[in-house]
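Novice: One file: query05.csv (CSV, C-alpha atoms).
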```
chain,number,residue,atom,x,y,z
U,1,MET,CA,48.0,20.5,-2.1
U,2,SER,CA,46.0,18.5,0.4
U,3,LEU,CA,43.5,15.7,-0.1
U,4,ARG,CA,40.0,16.2,1.2
U,5,THR,CA,39.7,13.7,4.1
U,6,ASN,CA,36.1,14.1,5.0
U,7,MET,CA,34.8,12.2,1.9
U,8,SER,CA,31.5,10.5,2.7
U,9,ALA,CA,30.9,6.8,2.0
U,10,GLY,CA,28.5,7.7,-0.8
U,11,GLU,CA,31.1,9.9,-2.6
U,12,LEU,CA,33.6,7.1,-2.2
U,13,PHE,CA,31.2,4.6,-3.6
U,14,ASP,CA,30.6,7.0,-6.6
U,15,LEU,CA,34.3,6.8,-7.3
U,16,ILE,CA,34.9,3.1,-6.7
U,17,MET,CA,32.1,1.7,-8.8
U,18,PRO,CA,33.3,3.2,-12.1
U,19,ALA,CA,36.8,2.1,-11.2
U,20,ALA,CA,35.5,-1.4,-10.5
U,21,TYR,CA,33.8,-1.4,-13.9
U,22,VAL,CA,37.0,-0.4,-15.7
U,23,ALA,CA,39.1,-3.0,-13.8
U,24,SER,CA,36.5,-5.7,-14.7
U,25,ALA,CA,36.6,-4.6,-18.4
U,26,LEU,CA,40.4,-4.7,-18.4
U,27,LEU,CA,40.5,-8.2,-16.8
U,28,SER,CA,37.9,-9.3,-19.4
U,29,THR,CA,40.0,-7.9,-22.2
U,30,TRP,CA,43.1,-9.7,-20.9
U,31,VAL,CA,41.2,-13.0,-20.7
U,32,LEU,CA,40.0,-12.5,-24.3
U,33,ALA,CA,43.5,-11.9,-25.5
U,34,SER,CA,44.9,-14.9,-23.6
U,35,ALA,CA,42.0,-17.3,-24.3
U,36,ARG,CA,42.1,-16.6,-28.1
U,37,LYS,CA,45.3,-18.5,-28.4
U,38,ARG,CA,44.1,-21.5,-26.3
U,39,VAL,CA,40.4,-22.0,-27.3
U,40,ALA,CA,38.0,-21.3,-30.1
U,41,LEU,CA,37.0,-17.7,-30.6
U,42,HIS,CA,33.4,-18.2,-29.3
U,43,TYR,CA,34.7,-19.8,-26.1
U,44,ALA,CA,37.2,-17.0,-25.7
U,45,PHE,CA,34.3,-14.4,-25.9
U,46,ALA,CA,32.2,-16.5,-23.5
U,47,LEU,CA,35.1,-16.5,-21.0
U,48,ALA,CA,35.7,-12.8,-21.5
U,49,LEU,CA,32.0,-11.9,-20.9
U,50,ALA,CA,31.8,-14.2,-17.9
U,51,THR,CA,34.9,-12.4,-16.5
U,52,LEU,CA,33.3,-9.1,-17.2
U,53,LEU,CA,30.2,-10.1,-15.2
U,54,LEU,CA,31.8,-12.2,-12.5
U,55,PRO,CA,35.5,-11.2,-12.3
U,56,VAL,CA,36.1,-12.4,-8.8
U,57,VAL,CA,34.8,-15.9,-9.6
U,58,VAL,CA,35.8,-16.5,-13.3
U,59,PHE,CA,39.3,-14.8,-13.4
U,60,PRO,CA,40.8,-17.0,-10.6
U,61,LEU,CA,39.3,-20.1,-12.2
U,62,TYR,CA,40.7,-19.1,-15.6
U,63,LEU,CA,44.1,-18.5,-14.1
U,64,ALA,CA,44.1,-21.9,-12.4
U,65,ALA,CA,43.0,-23.5,-15.7
U,66,ILE,CA,45.8,-22.0,-17.7
U,67,ILE,CA,48.4,-22.9,-15.1
U,68,TRP,CA,47.2,-26.5,-14.9
U,69,ARG,CA,46.9,-26.9,-18.7
U,70,ARG,CA,50.2,-25.5,-19.8
U,71,GLY,CA,50.6,-26.2,-23.5
U,72,SER,CA,52.5,-24.8,-26.4
U,73,THR,CA,50.3,-22.7,-28.6
U,74,SER,CA,51.1,-20.8,-31.7
U,75,PRO,CA,50.4,-17.1,-31.6
U,76,LYS,CA,47.4,-16.0,-33.6
U,77,ARG,CA,47.8,-13.5,-36.4
U,78,TRP,CA,46.7,-10.0,-35.2
U,79,ARG,CA,46.4,-11.4,-31.7
U,80,TYR,CA,45.8,-8.1,-30.0
U,81,LEU,CA,43.6,-6.4,-32.6
U,82,LEU,CA,40.3,-8.1,-31.6
U,83,PRO,CA,40.9,-7.7,-27.8
U,84,LEU,CA,41.9,-4.0,-28.3
U,85,LEU,CA,38.7,-3.4,-30.3
U,86,TYR,CA,36.7,-5.3,-27.5
U,87,ALA,CA,38.3,-3.1,-24.8
U,88,VAL,CA,37.6,0.1,-26.7
U,89,ILE,CA,33.9,-0.8,-27.2
U,90,LEU,CA,33.6,-2.0,-23.6
U,91,LEU,CA,35.2,1.0,-22.0
U,92,ALA,CA,33.1,3.4,-24.2
U,93,ALA,CA,29.9,1.5,-23.2
U,94,ILE,CA,30.9,1.7,-19.5
U,95,GLY,CA,31.6,5.4,-19.9
U,96,VAL,CA,28.3,6.2,-21.6
U,97,TRP,CA,26.4,4.1,-19.0
U,98,VAL,CA,28.1,5.8,-16.0
U,99,TYR,CA,27.5,9.2,-17.6
U,100,VAL,CA,23.8,8.5,-18.3
U,101,ASP,CA,23.2,6.8,-15.0
U,102,SER,CA,24.6,9.7,-13.0
U,103,ARG,CA,22.1,12.1,-14.6
U,104,THR,CA,18.9,10.3,-13.8
U,105,VAL,CA,16.2,11.6,-11.4
U,106,ASP,CA,17.0,8.6,-9.1
U,107,ALA,CA,20.7,9.6,-9.0
U,108,HIS,CA,19.9,13.2,-8.1
U,109,LEU,CA,17.4,12.1,-5.4
U,110,ALA,CA,20.0,9.6,-4.0
U,111,ARG,CA,22.7,12.4,-3.9
U,112,ALA,CA,20.1,14.7,-2.2
U,113,ALA,CA,19.4,12.1,0.4
U,114,ARG,CA,23.1,11.6,1.0
U,115,ALA,CA,23.6,15.3,1.4
U,116,LYS,CA,20.7,15.5,3.9
U,117,LEU,CA,22.4,12.8,6.0
U,118,VAL,CA,25.4,15.1,6.5
U,119,ASP,CA,23.3,18.2,6.9
U,120,ASP,CA,24.6,19.8,3.6
U,121,HIS,CA,21.4,21.8,2.8
U,122,HIS,CA,22.8,23.6,-0.2
U,123,ALA,CA,23.9,20.4,-1.9
U,124,ALA,CA,20.5,18.7,-1.2
U,125,ILE,CA,18.7,21.8,-2.5
U,126,HIS,CA,20.8,21.7,-5.7
U,127,GLU,CA,20.1,18.0,-6.3
U,128,TYR,CA,16.4,18.4,-5.7
U,129,ARG,CA,16.3,21.2,-8.2
U,130,GLN,CA,18.2,19.1,-10.7
U,131,ALA,CA,15.7,16.3,-10.2
U,132,LEU,CA,12.8,18.6,-10.7
U,133,ALA,CA,14.3,19.9,-13.9
U,134,LEU,CA,14.2,16.4,-15.2
U,135,GLU,CA,10.8,15.4,-13.8
U,136,ASP,CA,8.2,17.7,-12.2
U,137,ASN,CA,7.0,15.6,-9.2
U,138,PRO,CA,4.9,16.9,-6.3
U,139,HIS,CA,6.8,14.7,-3.8
U,140,THR,CA,10.1,16.1,-4.9
U,141,HIS,CA,8.7,19.6,-4.5
U,142,LYS,CA,7.7,18.7,-1.0
U,143,LEU,CA,11.2,17.3,-0.2
U,144,LEU,CA,12.8,20.5,-1.7
U,145,ALA,CA,10.4,22.6,0.4
U,146,ILE,CA,11.4,20.8,3.6
U,147,GLU,CA,15.1,21.2,2.8
U,148,LEU,CA,14.6,24.9,2.0
U,149,ALA,CA,12.8,25.4,5.3
U,150,ASN,CA,15.7,23.6,7.1
U,151,ALA,CA,18.2,26.0,5.3
U,152,GLY,CA,16.2,29.0,6.5
U,153,LEU,CA,14.8,30.0,3.2
U,154,ALA,CA,11.1,30.3,4.3
U,155,GLU,CA,9.7,32.2,1.3
U,156,GLU,CA,11.1,29.7,-1.2
U,157,ALA,CA,10.0,26.8,1.0
U,158,LYS,CA,6.4,28.2,1.1
U,159,ALA,CA,6.4,28.5,-2.7
U,160,GLU,CA,7.6,24.8,-3.1
U,161,PHE,CA,5.0,23.6,-0.5
U,162,SER,CA,2.2,25.3,-2.5
U,163,LEU,CA,3.5,23.6,-5.7
U,164,ALA,CA,3.5,20.3,-3.9
U,165,GLN,CA,0.0,20.8,-2.7
U,166,GLN,CA,-1.2,21.8,-6.2
U,167,GLY,CA,0.2,18.5,-7.5
U,168,GLY,CA,-1.7,16.5,-4.9
U,169,GLU,CA,1.0,16.0,-2.2
U,170,LYS,CA,-0.3,16.3,1.3
```
How would this structure read if it were set down as structure tokens?

Specialist:
Amino acid sequence: MSLRTNMSAGELFDLIMPAAYVASALLSTWVLASARKRVALHYAFALALATLLLPVVVFPLYLAAIIWRRGSTSPKRWRYLLPLLYAVILLAAIGVWVYVDSRTVDAHLARAARAKLVDDHHAAIHEYRQALALEDNPHTHKLLAIELANAGLAEEAKAEFSLAQQGGEK
């Protein structure tokens, strides 16, 4: 089994961003679990949310603070229940957001533009058709027609050009 090595930067970005969201959520959950035994609950949630939004800034500051202020704390009852619930809600929200965001017209158009950059006509055509299924737009018809013409599908390109012109696209 070999790995595909010709992955484009856009495809890599599509994989890295959800992983970064999940890593940020896990760090935020750890901060919540750790901070609950050191500060009041509302401060712990504030630190957790700040870590979620700015993990590269807040997490090192939090680590420095807990190293500098070592103190004996008594463990809270059900210490991990609230952070676990927080993690489940956060990861579910991230999953839903990534799923919904990847199926918007803008996402399809971005993937089509990325496919055009590497001369993958079939992928671009597929993404333009997906975008048109969500939103009938004359400009998208024109982009699809151009891509169909580049792929050598003249009859389909002509039909898409006429749809674009009927919609007001020049």

Novice: Smallest atom-to-atom distance to Leu27 of chain U: which of U:Tyr43, U:Tyr86, U:Trp78, U:Trp68, using only C-alpha atoms?

Specialist: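 Of all the options, U:Tyr86 lies closest to Leu27 of chain U.
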
Novice: Quick one: distance from atom CA of Leu85 of chain U to atom CA of Thr104 of chain U in Å, one decimal?

Specialist: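 Spanning atom CA of Leu85 of chain U to atom CA of Thr104 of chain U is a straight-line distance of 29.2 Å.
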
Novice: Expressed in Å to a single decimal, how great is the separation between atom CA of Ile146 of chain U and atom CA of Ile125 of chain U?

Specialist: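 Atom CA of Ile125 of chain U lies 9.6 Å from atom CA of Ile146 of chain U.
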
Novice: Let me make sure I understand: among U:Ile94, U:Val100, U:Ala20, U:Leu134, which one has the smallest atom-to-atom distance to Val56 of chain U if we use only C-alpha atoms?

Specialist: U:Ala20

Novice: Neighbouring residues of Asp14 of chain U were defined as those with any atom within 12 Å, considering all atoms listed in the file; residues of the same chain fewer than 2 positions away were excluded. Please report them as a PyMOL selection string.

Specialist: chain U and resi 7-12+16-21+98-99+101-102+107+110-111+114

Novice: I'd like the interatomic distance between atom CA of Leu132 of chain U and atom CA of Leu109 of chain U, to a tenth of an Å.

Specialist: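 Atom CA of Leu109 of chain U lies 9.6 Å from atom CA of Leu132 of chain U.
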
Novice: Please provide the set of residues having any atom within 8 Å of Ala131 of chain U, restricted to all atoms listed in the file, with same-chain residues fewer than 2 positions apart removed, written as a ChimeraX atom specification.

Specialist: /U:104-106,108-109,127-129,133-136,140
